[in-house]
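K.L.:
Please read through the structure below; I'll follow up with questions.
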Amino acid sequence: LGGGVFLVSTKPFPFTGYKPDLTRDGIRTAEVRSLFVDSDKNLWMGIGTYGMALQEFGSKEVRFYTHIPEFSDIETVETVNAIIQRSNGDLWFGTHDGGVLVYRKGEKVRRLRKEDVPSFYSDCVTALYEDHEGNCWIGCRGGFGVSTVGGRHHKFERMVFENGGESDWFQVNDFVEDRDGSFWIATSNCGLLRLTGEVRSPRTLKCYNYSLNNRLLSTNTVLCFHKDRFGRLWVG
């Protein structure tokens with residue numbers, strides 16, 4: 001009597017901590033820089049500044065890239081900043097000063113650098129995105145570009161904003177395509193960029209800026225996007 005009511009919940013905690021163990025490969029960090037689940041439900045992880053690791057679906061084993069046969073010709077994998085799967089099934093890994101690594105199961109990994117792809121602004125690739133038409137957007141330290149499905153390439157360098165201001169240097173963190181066909185670009189130095197127009201006709205493109213500089217955003221640093229099932233755009 002007098003003890004009140006006790007409430008007991010048997011619902012499990014929704015989050016589970018997980019640390020990849022790569023100590024056998026001399027990797028003494030559990031820092032994960034990037035994550036991606038491919039179409040086969042395999043989990044790819046960018047590990048600190050050491051490259052990447054793979055946990056295949058249904059397995060508890062985490063394999064460092066040096067144990068993946070397709071990477072046997074790749075001497076070093078730099079920090080992996082971004083991972084996407086292209087519509088043809090290829091996995092693209094954007095790395096710090098190492099360009100892009102292209103993985104296809106059963107084939108040797110290829111490396112793409114600035115001299116190979118005209119739309120690369122630099123070899124420090126920080127963001128990757130494929131739009132609904134199959135065009136590939138490449139964000140780099142310094143700027144960004146797009147390679148279209150028709151084999152054309154465009155590099156965005158000096159940008160004059162339709163709502164005032166301009167910039168010729170961008171640190172790109174993320175891309176997303178909106179429902180109206182426009183593109184949003186997250187940067188660390190210019191806040192948000194919004195591109196409208198036809199990607200395959202660069203002269204039709206117009207760029208708008210939302211940043212602390214013009215008081216349309218409370219910061220110049222935007223890290224990421226998420227578009228939810230209602231079409232709403234969330235900005236980190």
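Ordering of the structure tokens sets the chain letters (A, B, ...); residue numbers start at 1 within each chain; ligands are numbered from 1 in the order shown.
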Please run DSSP on the backbone and report, as a VMD selection string, all residues within chain A that come out as strand (DSSP E).

P.N.:
chain A and resid 32 to 37 43 to 47 51 to 55 63 to 64 80 to 85 91 to 95 100 to 103 110 to 112 125 to 130 136 to 142 144 to 147 153 to 156 159 to 160 166 to 167 170 to 177 183 to 187 192 to 196 206 to 210 225 to 227 233 to 235

K.L.:
Counting only C-alpha atoms, give me one row per residue of region 61-152 of chain A with an atom at most 8 Å from an atom of region 24-37 of chain A, showing the shortest contact pair and its distance in Å to one decimal, sorted by chain then residue number, as a tab-separated table.

P.N.:
residue	atom	partner	partner_atom	distance
A:Phe64	CA	A:Asp25	CA	7.4
A:Thr79	CA	A:Arg33	CA	7.9
A:Val80	CA	A:Ser34	CA	6.7
A:Asn81	CA	A:Ser34	CA	6.0
A:Ala82	CA	A:Ser34	CA	6.1
A:Ile83	CA	A:Phe36	CA	6.2
A:Ile84	CA	A:Phe36	CA	7.1

K.L.:
Go ahead and save the picked residues with N, CA, C and O atoms, as an mmCIF file, in the first residue's frame.

P.N.:
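Writing the result to out-v8.cif gives the following:
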data_model
loop_
_atom_site.group_PDB
_atom_site.id
_atom_site.type_symbol
_atom_site.label_atom_id
_atom_site.label_comp_id
_atom_site.auth_asym_id
_atom_site.auth_seq_id
_atom_site.Cartn_x
_atom_site.Cartn_y
_atom_site.Cartn_z
ATOM 1 N N PHE A 64 38.085 -6.332 -44.861
ATOM 2 C CA PHE A 64 38.766 -5.129 -45.314
ATOM 3 C C PHE A 64 39.010 -5.264 -46.816
ATOM 4 O O PHE A 64 39.100 -6.377 -47.356
ATOM 5 N N THR A 79 40.563 7.867 -47.941
ATOM 6 C CA THR A 79 39.323 8.061 -47.194
ATOM 7 C C THR A 79 38.129 8.049 -48.155
ATOM 8 O O THR A 79 38.126 8.756 -49.157
ATOM 9 N N VAL A 80 37.130 7.226 -47.835
ATOM 10 C CA VAL A 80 35.937 7.124 -48.683
ATOM 11 C C VAL A 80 34.875 8.089 -48.158
ATOM 12 O O VAL A 80 34.330 7.905 -47.073
ATOM 13 N N ASN A 81 34.598 9.127 -48.952
ATOM 14 C CA ASN A 81 33.645 10.160 -48.538
ATOM 15 C C ASN A 81 32.219 9.869 -48.971
ATOM 16 O O ASN A 81 31.266 10.318 -48.318
ATOM 17 N N ALA A 82 32.044 9.161 -50.087
ATOM 18 C CA ALA A 82 30.704 8.959 -50.637
ATOM 19 C C ALA A 82 30.649 7.635 -51.388
ATOM 20 O O ALA A 82 31.635 7.225 -52.008
ATOM 21 N N ILE A 83 29.485 6.975 -51.330
ATOM 22 C CA ILE A 83 29.269 5.704 -52.027
ATOM 23 C C ILE A 83 27.892 5.737 -52.677
ATOM 24 O O ILE A 83 26.901 6.075 -52.019
ATOM 25 N N ILE A 84 27.821 5.384 -53.961
ATOM 26 C CA ILE A 84 26.528 5.226 -54.624
ATOM 27 C C ILE A 84 26.571 3.987 -55.512
ATOM 28 O O ILE A 84 27.648 3.481 -55.823
#

K.L.:
Enter the distance from CA of Gly236 (chain A) to CA of Val77 (chain A), in Å, rounded to one decimal.

P.N.:
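Separation between CA of Gly236 (chain A) and CA of Val77 (chain A): 27.8 Å.
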
K.L.:
Quick one: which region 110-138 of chain A residues come within 12 Å of region 184-198 of chain A, and what is the nearest atom pair for each with the distance in Å to one decimal, counting only C-alpha atoms, rows ordered by chain and ascending number, as a Markdown table?

P.N.:
| residue | atom | partner | partner_atom | distance |
| --- | --- | --- | --- | --- |
| A:Thr126 | CA | A:Thr187 | CA | 10.3 |
| A:Ala127 | CA | A:Ala186 | CA | 9.5 |
| A:Leu128 | CA | A:Ile185 | CA | 10.9 |
| A:Tyr129 | CA | A:Ile185 | CA | 10.4 |
| A:Asp131 | CA | A:Trp184 | CA | 11.6 |
| A:Glu133 | CA | A:Glu198 | CA | 11.5 |
| A:Asn135 | CA | A:Glu198 | CA | 11.7 |
| A:Trp137 | CA | A:Ile185 | CA | 10.0 |
| A:Ile138 | CA | A:Ile185 | CA | 10.7 |

K.L.:
Which residues come within 7 Å of His154 (chain A), counting only C-alpha atoms, excluding same-chain residues fewer than 3 positions away, as a list in words?

P.N.:
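Selected residues are Ser119, Gly145, Val146 and Ser147 of chain A.
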
K.L.:
Could you save the residues just selected, with N, CA and C atoms, as a PDB file, in the first residue's frame?

P.N.:
ATOM      1  N   SER A 119      34.132  16.160 -66.019  1.00  0.00           N
ATOM      2  CA  SER A 119      33.244  16.783 -65.036  1.00  0.00           C
ATOM      3  C   SER A 119      33.814  16.771 -63.622  1.00  0.00           C
ATOM      4  N   GLY A 145      30.442  18.952 -60.892  1.00  0.00           N
ATOM      5  CA  GLY A 145      30.142  18.772 -62.302  1.00  0.00           C
ATOM      6  C   GLY A 145      29.129  17.674 -62.494  1.00  0.00           C
ATOM      7  N   VAL A 146      28.723  17.466 -63.756  1.00  0.00           N
ATOM      8  CA  VAL A 146      27.757  16.430 -64.083  1.00  0.00           C
ATOM      9  C   VAL A 146      28.164  15.762 -65.388  1.00  0.00           C
ATOM     10  N   SER A 147      28.039  14.436 -65.424  1.00  0.00           N
ATOM     11  CA  SER A 147      28.244  13.655 -66.638  1.00  0.00           C
ATOM     12  C   SER A 147      26.894  13.095 -67.052  1.00  0.00           C
TER      13      SER A 147
END
